[in-house]
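Shown below: input-v2.cif, with mmCIF, C-alpha atoms.
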data_model
#
loop_
_atom_site.label_atom_id
_atom_site.label_comp_id
_atom_site.auth_asym_id
_atom_site.auth_seq_id
_atom_site.Cartn_x
_atom_site.Cartn_y
_atom_site.Cartn_z
CA GLU R 1 2.39 -5.27 16.17
CA ALA R 2 0.37 -7.12 13.56
CA ASP R 3 1.99 -8.06 10.24
CA ILE R 4 -0.41 -6.10 8.09
CA TYR R 5 0.81 -3.31 5.88
CA GLN R 6 -0.81 -0.45 4.04
CA THR R 7 0.69 1.82 1.41
CA PRO R 8 0.79 4.66 0.91
CA ARG R 9 0.33 6.04 4.42
CA TYR R 10 -0.63 9.46 3.06
CA LEU R 11 -1.89 10.42 -0.39
CA VAL R 12 -2.85 13.79 -1.81
CA ILE R 13 -4.27 13.69 -5.32
CA GLY R 14 -6.43 15.70 -7.67
CA THR R 15 -10.02 15.04 -8.60
CA GLY R 16 -10.53 12.46 -11.33
CA LYS R 17 -7.35 10.48 -10.71
CA LYS R 18 -7.39 6.70 -10.39
CA ILE R 19 -5.82 5.40 -7.21
CA THR R 20 -5.10 2.05 -5.62
CA LEU R 21 -4.60 1.63 -1.90
CA GLU R 22 -2.51 -1.41 -1.08
CA CYS R 23 -3.04 -3.81 1.82
CA SER R 24 -0.93 -6.86 2.51
CA GLN R 25 -0.71 -9.29 5.40
CA THR R 26 1.84 -11.99 6.04
CA MET R 27 -0.17 -13.93 8.60
CA GLY R 28 -2.03 -16.18 6.15
CA HIS R 29 -5.37 -14.81 7.30
CA ASP R 30 -8.34 -15.83 5.17
CA LYS R 31 -10.66 -12.91 5.95
CA MET R 32 -9.81 -9.32 5.07
CA TYR R 33 -11.70 -6.05 5.48
CA TRP R 34 -11.65 -2.41 4.38
CA TYR R 35 -13.06 0.28 6.64
CA GLN R 36 -13.56 4.00 6.04
CA GLN R 37 -13.15 6.36 8.98
CA ASP R 38 -13.62 10.12 9.03
CA PRO R 39 -11.68 12.03 11.73
CA GLY R 40 -13.08 11.39 15.20
CA MET R 41 -15.80 9.14 13.86
CA GLU R 42 -16.69 5.46 13.86
CA LEU R 43 -15.41 2.92 11.36
CA HIS R 44 -17.66 1.90 8.50
CA LEU R 45 -17.15 -1.41 6.71
CA ILE R 46 -16.99 -0.84 2.94
CA HIS R 47 -15.64 -4.17 1.63
CA TYR R 48 -14.71 -7.61 2.90
CA SER R 49 -13.40 -10.89 1.63
CA TYR R 50 -13.75 -14.42 2.98
CA GLY R 51 -10.88 -15.72 0.86
CA VAL R 52 -9.33 -15.75 -2.59
CA ASN R 53 -11.78 -14.70 -5.34
CA SER R 54 -14.35 -13.72 -2.70
CA THR R 55 -15.35 -10.06 -2.30
CA GLU R 56 -18.47 -8.50 -0.81
CA LYS R 57 -19.75 -4.98 -0.26
CA GLY R 58 -19.97 -3.82 3.31
CA ASP R 59 -22.45 -1.79 5.30
CA LEU R 60 -21.50 1.59 3.81
CA SER R 61 -21.98 2.11 0.11
CA SER R 62 -18.69 2.97 -1.57
CA GLU R 63 -17.67 3.78 -5.13
CA SER R 64 -14.44 1.87 -4.60
CA THR R 65 -13.77 -1.68 -5.76
CA VAL R 66 -11.58 -4.45 -4.36
CA SER R 67 -9.98 -7.65 -5.54
CA ARG R 68 -8.57 -10.73 -3.80
CA ILE R 69 -6.40 -12.67 -6.19
CA ARG R 70 -3.90 -13.75 -3.54
CA THR R 71 -4.52 -14.56 0.11
CA GLU R 72 -2.12 -11.94 1.36
CA HIS R 73 -3.17 -9.04 -0.87
CA PHE R 74 -6.42 -7.01 -0.80
CA PRO R 75 -6.09 -3.77 -2.81
CA LEU R 76 -8.79 -1.09 -2.97
CA THR R 77 -9.24 0.98 -6.12
CA LEU R 78 -10.99 4.26 -6.83
CA GLU R 79 -11.42 4.75 -10.58
CA SER R 80 -12.06 8.49 -10.33
CA ALA R 81 -11.32 10.14 -7.02
CA ARG R 82 -13.52 12.96 -5.72
CA PRO R 83 -13.24 15.29 -2.71
CA SER R 84 -16.01 13.26 -1.02
CA HIS R 85 -13.57 10.30 -0.93
CA THR R 86 -11.31 12.21 1.44
CA SER R 87 -11.03 10.01 4.53
CA GLN R 88 -8.87 7.46 6.30
CA TYR R 89 -8.99 3.91 4.95
CA LEU R 90 -8.14 1.06 7.31
CA CYS R 91 -7.44 -2.51 6.27
CA ALA R 92 -7.87 -5.43 8.65
CA SER R 93 -7.60 -9.21 8.63
CA ARG R 94 -8.50 -12.19 10.77
CA VAL R 95 -8.15 -15.95 10.63
CA SER R 96 -11.02 -18.34 11.18
CA PRO R 97 -12.14 -19.32 13.77
CA GLU R 98 -10.53 -16.48 15.77
CA GLU R 99 -12.68 -13.39 16.19
CA THR R 100 -10.03 -10.71 16.68
CA GLN R 101 -9.28 -8.42 13.76
CA TYR R 102 -5.76 -7.09 13.15
CA PHE R 103 -5.49 -3.64 11.64
CA GLY R 104 -2.99 -1.96 9.40
CA PRO R 105 -1.81 1.61 10.12
CA GLY R 106 -4.24 3.15 7.64
CA THR R 107 -4.02 5.35 4.55
CA ARG R 108 -5.03 9.00 4.84
CA LEU R 109 -6.44 10.16 1.52
CA LEU R 110 -6.98 13.80 0.57
CA VAL R 111 -8.63 14.52 -2.75
CA LEU R 112 -8.36 18.11 -3.89
CA SER Y 1 -24.48 5.26 14.82
CA GLN Y 2 -24.61 1.88 13.08
CA GLN Y 3 -24.95 -0.21 16.17
CA GLY Y 4 -25.15 1.94 19.25
CA GLU Y 5 -23.65 4.66 21.29
CA GLU Y 6 -20.54 5.09 23.38
CA ASP Y 7 -20.31 7.50 26.23
CA PRO Y 8 -18.77 9.70 27.15
CA GLN Y 9 -17.64 11.03 23.78
CA ALA Y 10 -14.55 12.43 25.50
CA LEU Y 11 -12.98 11.90 28.90
CA SER Y 12 -10.10 13.77 30.52
CA ILE Y 13 -8.54 12.45 33.73
CA GLN Y 14 -5.36 12.69 35.76
CA GLU Y 15 -2.70 10.00 35.68
CA GLY Y 16 -3.45 7.35 38.29
CA GLU Y 17 -7.22 7.78 38.13
CA ASN Y 18 -9.58 5.18 36.74
CA ALA Y 19 -11.35 5.66 33.40
CA THR Y 20 -14.73 4.13 32.60
CA MET Y 21 -16.24 4.04 29.13
CA ASN Y 22 -19.65 2.69 28.22
CA CYS Y 23 -21.04 1.13 25.08
CA SER Y 24 -24.61 0.32 24.16
CA TYR Y 25 -25.75 -1.74 21.20
CA LYS Y 26 -29.02 -2.57 19.49
CA THR Y 27 -29.07 -6.20 18.36
CA SER Y 28 -28.15 -9.58 19.80
CA ILE Y 29 -24.45 -10.39 19.62
CA ASN Y 30 -21.98 -13.28 19.69
CA ASN Y 31 -19.30 -11.24 21.38
CA LEU Y 32 -18.24 -7.67 22.05
CA GLN Y 33 -14.70 -6.42 21.57
CA TRP Y 34 -12.82 -3.31 22.65
CA TYR Y 35 -10.13 -1.70 20.51
CA ARG Y 36 -7.75 1.20 21.05
CA GLN Y 37 -6.66 3.67 18.38
CA ASN Y 38 -3.78 6.03 18.87
CA SER Y 39 -4.03 9.25 16.88
CA GLY Y 40 -3.74 8.63 13.15
CA ARG Y 41 -3.01 4.93 13.55
CA GLY Y 42 -4.79 1.61 13.09
CA LEU Y 43 -6.77 -0.13 15.81
CA VAL Y 44 -5.32 -2.53 18.35
CA HIS Y 45 -7.44 -5.26 19.93
CA LEU Y 46 -7.70 -5.01 23.71
CA ILE Y 47 -10.19 -7.57 24.98
CA LEU Y 48 -13.11 -9.75 23.87
CA ILE Y 49 -16.09 -10.76 25.97
CA ARG Y 50 -18.56 -13.40 24.81
CA SER Y 51 -22.32 -13.09 25.11
CA ASN Y 52 -22.42 -15.72 27.86
CA GLU Y 53 -19.79 -13.92 29.96
CA ARG Y 54 -20.49 -11.10 32.40
CA GLU Y 55 -17.02 -9.88 33.30
CA LYS Y 56 -13.49 -10.25 32.03
CA HIS Y 57 -10.11 -8.94 33.13
CA SER Y 58 -6.85 -8.35 31.31
CA GLY Y 59 -4.10 -6.53 33.18
CA ARG Y 60 -5.45 -3.09 34.08
CA LEU Y 61 -8.56 -3.62 31.93
CA ARG Y 62 -11.91 -4.81 33.20
CA VAL Y 63 -14.84 -5.33 30.86
CA THR Y 64 -18.43 -6.04 31.82
CA LEU Y 65 -21.31 -7.10 29.62
CA ASP Y 66 -25.02 -6.89 30.38
CA THR Y 67 -26.91 -8.53 27.54
CA SER Y 68 -30.30 -7.72 29.10
CA LYS Y 69 -29.47 -4.01 28.85
CA LYS Y 70 -27.42 -4.43 25.68
CA SER Y 71 -24.52 -2.56 27.23
CA SER Y 72 -20.86 -2.98 28.09
CA SER Y 73 -18.31 -0.99 30.04
CA LEU Y 74 -14.54 -0.78 29.87
CA LEU Y 75 -12.65 0.20 33.02
CA ILE Y 76 -8.97 1.16 32.85
CA THR Y 77 -7.46 1.28 36.32
CA ALA Y 78 -4.49 3.38 37.39
CA SER Y 79 -4.39 5.18 34.06
CA ARG Y 80 -1.14 6.33 32.47
CA ALA Y 81 -0.36 9.05 29.96
CA ALA Y 82 0.29 6.28 27.42
CA ASP Y 83 -3.39 5.27 27.70
CA THR Y 84 -4.34 8.47 25.87
CA ALA Y 85 -6.17 7.24 22.76
CA SER Y 86 -9.60 6.63 21.29
CA TYR Y 87 -11.41 3.52 22.49
CA PHE Y 88 -13.99 1.72 20.37
CA CYS Y 89 -16.39 -1.07 21.16
CA ALA Y 90 -17.28 -3.44 18.34
CA THR Y 91 -20.04 -6.00 18.24
CA ASP Y 92 -19.84 -9.31 16.45
CA ARG Y 93 -23.30 -10.37 15.33
CA GLY Y 94 -21.99 -13.31 13.36
CA PHE Y 95 -21.19 -13.37 9.66
CA HIS Y 96 -17.54 -12.67 10.62
CA ARG Y 97 -18.12 -8.90 10.61
CA LEU Y 98 -17.75 -6.28 13.32
CA VAL Y 99 -19.85 -3.15 13.81
CA PHE Y 100 -18.04 -0.33 15.57
CA GLY Y 101 -19.34 2.37 17.88
CA ALA Y 102 -18.37 6.04 17.59
CA GLY Y 103 -15.65 5.76 20.23
CA THR Y 104 -14.56 7.56 23.38
CA ILE Y 105 -11.58 9.90 23.28
CA LEU Y 106 -9.55 9.45 26.47
CA ARG Y 107 -6.95 11.96 27.53
CA VAL Y 108 -4.77 11.16 30.52
CA LYS Y 109 -2.92 14.15 31.90
CA SER Y 110 0.42 13.67 33.60
#
Would you put the structure from the file into structure tokens?
Amino acid sequence: EADIYQTPRYLVIGTGKKITLECSQTMGHDKMYWYQQDPGMELHLIHYSYGVNSTEKGDLSSESTVSRIRTEHFPLTLESARPSHTSQYLCASRVSPEETQYFGPGTRLLVL
Amino acid sequence: SQQGEEDPQALSIQEGENATMNCSYKTSINNLQWYRQNSGRGLVHLILIRSNEREKHSGRLRVTLDTSKKSSSLLITASRAADTASYFCATDRGFHRLVFGAGTILRVKS
């Protein structure tokens, strides 16, 4: 098991609420990633970070934002949740020069 | 799909049988990786094969890579009920980012 944690595991909220999905890793990895995955579908990269104070948008456009103030912490924020944001969000990390990514257990978000 | 296709989309076999999953991709790669995802969980790395390798083994897993056809296959031998999961290939084109396929859902019946 990788030492990468995501909270909450499940979240049901109403439209318009602001939410933050937490991701933390204790492995000292420099690179971190957020993926969005609909049930039974592929993963889409929405954000990534090469290190502290570095954040980039991924391949799939997302209304969410991220920050990387500490190496171990990479939270994702939705300022105003909508039903279209309903999905599973997976956080991952890796350490250079290794190529393997380590995944957290995911957060399942349902926006009503 | 972002990068390519995996087939079959779903596979159902009996315990003890072999399972083969295929992955095709569109662009040149540095390496190709296979991950497993149990229902509702995160992904777990299984095996990595580099672009200059043709075959790699890890326990009951065998991966092949054909860069001329831009395809890879994952073979799980002597499958077990615990192998039931979704399997994803992911290509590393550089820039420290992976692109995932749509996955194959494997069900192993005991």
Selection: 9 Å around His47 in chain R, all atoms listed in the file, excl. self and same-chain fewer than 2 positions, as a list of chain:residue names: R:Met32, R:Tyr33, R:Trp34, R:Tyr35, R:Leu45, R:Ser49, R:Thr55, R:Glu56, R:Lys57, R:Gly58, R:Asp59, R:Leu60, R:Ser62, R:Ser64, R:Thr65, R:Val66, R:Leu76
Close residues, Glu98 in chain R itself excluded, 12 Å, all atoms listed in the file, min 2 positions apart in chain, as a list in words: His29, Asp30, Lys31, Ser93, Arg94, Val95, Ser96, Thr100, Gln101 and Tyr102 of chain R; Asn31, Leu48, Asp92, His96 and Arg97 of chain Y
Residues in the PyMOL selection byres ((chain Y) within 6 of (chain R)), expressed as a list in words: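 Matching residues under the PyMOL selection byres ((chain Y) within 6 of (chain R)) are Arg41, Gly42, Leu43, Phe100, Gly101 and Ala102 of chain Y.
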Output C-alpha atoms for every residue in that selection, as a JSON list (two decimals), keeping the file's coordinate frame.
[["chain", "number", "residue", "atom", "x", "y", "z"],
["Y", 41, "ARG", "CA", -3.01, 4.93, 13.55],
["Y", 42, "GLY", "CA", -4.79, 1.61, 13.09],
["Y", 43, "LEU", "CA", -6.77, -0.13, 15.81],
["Y", 100, "PHE", "CA", -18.04, -0.33, 15.57],
["Y", 101, "GLY", "CA", -19.34, 2.37, 17.88],
["Y", 102, "ALA", "CA", -18.37, 6.04, 17.59]]
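When the PyMOL selection byres ((chain R and resi 78-81) around 6) is evaluated on the file shown here, the picked residues come out as Thr15, Gly16, Lys17, Lys18, Ile19, Ser64, Thr77 and Arg82 of chain R.
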9 Å contact set for Thr84 in chain Y, only C-alpha atoms, chain neighbours under 6 positions out, as a list of chain:residue names: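 My list of contacting residues is Y:Asn38, Y:Ile105, Y:Leu106, Y:Arg107, Y:Val108, Y:Lys109.
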Answer key for the PyMOL selection byres ((chain Y and resi 28) around 10), residues as a ChimeraX atom specification: /Y:25-27,29-31,51,67-68,70,91-94
Close residues, Cys23 in chain R itself excluded, 6 Å, all atoms listed in the file, min 5 positions apart in chain, as a ChimeraX atom specification: /R:5-6,73-75
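The interatomic distance for the pair CA of Leu11 in chain Y and CA of Arg50 in chain Y works out to 26.2 Å.
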Test item: residues at most 9 Å from Pro83 in chain R, all atoms listed in the file, excluding those fewer than 5 positions along its chain, as an NGL selection string: :R and (14-15 or 110-112)
Distance in Å - CA of Ala10 in chain Y versus CA of Val44 in chain Y: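 Answer for the CA of Ala10 in chain Y to CA of Val44 in chain Y separation: 19.0 Å.
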Repaired coordinates for range 37-48 of chain R (all heavy atoms) as a PDB file, in the coordinates of the input:
ATOM      1  N   GLN R  37     -12.983   5.654   7.713  1.00  0.00           N
ATOM      2  CA  GLN R  37     -13.150   6.360   8.980  1.00  0.00           C
ATOM      3  C   GLN R  37     -12.845   7.838   8.790  1.00  0.00           C
ATOM      4  O   GLN R  37     -11.734   8.219   8.452  1.00  0.00           O
ATOM      5  CB  GLN R  37     -12.213   5.790  10.048  1.00  0.00           C
ATOM      6  CG  GLN R  37     -12.375   6.445  11.413  1.00  0.00           C
ATOM      7  CD  GLN R  37     -11.325   6.004  12.411  1.00  0.00           C
ATOM      8  OE1 GLN R  37     -10.202   5.678  12.043  1.00  0.00           O
ATOM      9  NE2 GLN R  37     -11.693   5.990  13.690  1.00  0.00           N
ATOM     10  N   ASP R  38     -13.844   8.680   9.014  1.00  0.00           N
ATOM     11  CA  ASP R  38     -13.620  10.120   9.030  1.00  0.00           C
ATOM     12  C   ASP R  38     -13.062  10.515  10.390  1.00  0.00           C
ATOM     13  O   ASP R  38     -13.286   9.824  11.381  1.00  0.00           O
ATOM     14  CB  ASP R  38     -14.926  10.858   8.736  1.00  0.00           C
ATOM     15  CG  ASP R  38     -15.376  10.644   7.296  1.00  0.00           C
ATOM     16  OD1 ASP R  38     -14.498  10.480   6.424  1.00  0.00           O
ATOM     17  OD2 ASP R  38     -16.587  10.630   7.049  1.00  0.00           O
ATOM     18  N   PRO R  39     -12.329  11.631  10.475  1.00  0.00           N
ATOM     19  CA  PRO R  39     -11.680  12.030  11.730  1.00  0.00           C
ATOM     20  C   PRO R  39     -12.640  12.071  12.908  1.00  0.00           C
ATOM     21  O   PRO R  39     -13.704  12.701  12.827  1.00  0.00           O
ATOM     22  CB  PRO R  39     -11.118  13.421  11.409  1.00  0.00           C
ATOM     23  CG  PRO R  39     -10.905  13.400   9.943  1.00  0.00           C
ATOM     24  CD  PRO R  39     -12.025  12.568   9.371  1.00  0.00           C
ATOM     25  N   GLY R  40     -12.275  11.383  13.976  1.00  0.00           N
ATOM     26  CA  GLY R  40     -13.080  11.390  15.200  1.00  0.00           C
ATOM     27  C   GLY R  40     -14.379  10.619  15.112  1.00  0.00           C
ATOM     28  O   GLY R  40     -15.225  10.737  16.004  1.00  0.00           O
ATOM     29  N   MET R  41     -14.534   9.839  14.068  1.00  0.00           N
ATOM     30  CA  MET R  41     -15.800   9.140  13.860  1.00  0.00           C
ATOM     31  C   MET R  41     -15.616   7.625  13.926  1.00  0.00           C
ATOM     32  O   MET R  41     -14.503   7.122  14.044  1.00  0.00           O
ATOM     33  CB  MET R  41     -16.395   9.546  12.507  1.00  0.00           C
ATOM     34  CG  MET R  41     -16.617  11.041  12.342  1.00  0.00           C
ATOM     35  SD  MET R  41     -17.849  11.695  13.475  1.00  0.00           S
ATOM     36  CE  MET R  41     -19.343  11.047  12.726  1.00  0.00           C
ATOM     37  N   GLU R  42     -16.745   6.914  13.816  1.00  0.00           N
ATOM     38  CA  GLU R  42     -16.690   5.460  13.860  1.00  0.00           C
ATOM     39  C   GLU R  42     -16.170   4.890  12.551  1.00  0.00           C
ATOM     40  O   GLU R  42     -16.068   5.591  11.541  1.00  0.00           O
ATOM     41  CB  GLU R  42     -18.086   4.908  14.145  1.00  0.00           C
ATOM     42  CG  GLU R  42     -19.086   5.206  13.044  1.00  0.00           C
ATOM     43  CD  GLU R  42     -20.500   5.290  13.583  1.00  0.00           C
ATOM     44  OE1 GLU R  42     -21.153   4.239  13.662  1.00  0.00           O
ATOM     45  OE2 GLU R  42     -20.938   6.416  13.892  1.00  0.00           O
ATOM     46  N   LEU R  43     -15.843   3.616  12.577  1.00  0.00           N
ATOM     47  CA  LEU R  43     -15.410   2.920  11.360  1.00  0.00           C
ATOM     48  C   LEU R  43     -16.629   2.375  10.636  1.00  0.00           C
ATOM     49  O   LEU R  43     -17.560   1.856  11.263  1.00  0.00           O
ATOM     50  CB  LEU R  43     -14.498   1.745  11.720  1.00  0.00           C
ATOM     51  CG  LEU R  43     -13.062   2.035  12.090  1.00  0.00           C
ATOM     52  CD1 LEU R  43     -12.949   2.697  13.449  1.00  0.00           C
ATOM     53  CD2 LEU R  43     -12.245   0.743  12.059  1.00  0.00           C
ATOM     54  N   HIS R  44     -16.601   2.466   9.325  1.00  0.00           N
ATOM     55  CA  HIS R  44     -17.660   1.900   8.500  1.00  0.00           C
ATOM     56  C   HIS R  44     -17.065   0.859   7.571  1.00  0.00           C
ATOM     57  O   HIS R  44     -16.117   1.149   6.832  1.00  0.00           O
ATOM     58  CB  HIS R  44     -18.345   2.990   7.667  1.00  0.00           C
ATOM     59  CG  HIS R  44     -19.122   3.969   8.484  1.00  0.00           C
ATOM     60  ND1 HIS R  44     -20.424   3.729   8.888  1.00  0.00           N
ATOM     61  CD2 HIS R  44     -18.800   5.185   8.970  1.00  0.00           C
ATOM     62  CE1 HIS R  44     -20.853   4.758   9.581  1.00  0.00           C
ATOM     63  NE2 HIS R  44     -19.893   5.653   9.655  1.00  0.00           N
ATOM     64  N   LEU R  45     -17.630  -0.338   7.582  1.00  0.00           N
ATOM     65  CA  LEU R  45     -17.150  -1.410   6.710  1.00  0.00           C
ATOM     66  C   LEU R  45     -17.606  -1.143   5.283  1.00  0.00           C
ATOM     67  O   LEU R  45     -18.795  -0.958   5.024  1.00  0.00           O
ATOM     68  CB  LEU R  45     -17.721  -2.750   7.197  1.00  0.00           C
ATOM     69  CG  LEU R  45     -17.324  -3.979   6.398  1.00  0.00           C
ATOM     70  CD1 LEU R  45     -15.840  -4.272   6.571  1.00  0.00           C
ATOM     71  CD2 LEU R  45     -18.158  -5.195   6.828  1.00  0.00           C
ATOM     72  N   ILE R  46     -16.650  -1.097   4.343  1.00  0.00           N
ATOM     73  CA  ILE R  46     -16.990  -0.840   2.940  1.00  0.00           C
ATOM     74  C   ILE R  46     -16.789  -2.066   2.056  1.00  0.00           C
ATOM     75  O   ILE R  46     -17.491  -2.227   1.048  1.00  0.00           O
ATOM     76  CB  ILE R  46     -16.239   0.373   2.370  1.00  0.00           C
ATOM     77  CG1 ILE R  46     -14.732   0.278   2.594  1.00  0.00           C
ATOM     78  CG2 ILE R  46     -16.789   1.665   2.969  1.00  0.00           C
ATOM     79  CD1 ILE R  46     -13.946   1.411   1.945  1.00  0.00           C
ATOM     80  N   HIS R  47     -15.860  -2.942   2.395  1.00  0.00           N
ATOM     81  CA  HIS R  47     -15.640  -4.170   1.630  1.00  0.00           C
ATOM     82  C   HIS R  47     -15.087  -5.246   2.547  1.00  0.00           C
ATOM     83  O   HIS R  47     -14.415  -4.942   3.530  1.00  0.00           O
ATOM     84  CB  HIS R  47     -14.632  -3.962   0.494  1.00  0.00           C
ATOM     85  CG  HIS R  47     -15.037  -2.986  -0.540  1.00  0.00           C
ATOM     86  ND1 HIS R  47     -15.966  -3.266  -1.524  1.00  0.00           N
ATOM     87  CD2 HIS R  47     -14.626  -1.709  -0.758  1.00  0.00           C
ATOM     88  CE1 HIS R  47     -16.108  -2.209  -2.300  1.00  0.00           C
ATOM     89  NE2 HIS R  47     -15.317  -1.258  -1.866  1.00  0.00           N
ATOM     90  N   TYR R  48     -15.349  -6.514   2.192  1.00  0.00           N
ATOM     91  CA  TYR R  48     -14.710  -7.610   2.900  1.00  0.00           C
ATOM     92  C   TYR R  48     -14.560  -8.812   1.988  1.00  0.00           C
ATOM     93  O   TYR R  48     -15.188  -8.880   0.922  1.00  0.00           O
ATOM     94  CB  TYR R  48     -15.469  -7.979   4.190  1.00  0.00           C
ATOM     95  CG  TYR R  48     -16.893  -8.448   4.005  1.00  0.00           C
ATOM     96  CD1 TYR R  48     -17.210  -9.803   4.012  1.00  0.00           C
ATOM     97  CD2 TYR R  48     -17.937  -7.533   3.865  1.00  0.00           C
ATOM     98  CE1 TYR R  48     -18.520 -10.225   3.872  1.00  0.00           C
ATOM     99  CE2 TYR R  48     -19.233  -7.948   3.724  1.00  0.00           C
ATOM    100  CZ  TYR R  48     -19.533  -9.290   3.737  1.00  0.00           C
ATOM    101  OH  TYR R  48     -20.826  -9.711   3.587  1.00  0.00           O
TER     102      TYR R  48
END
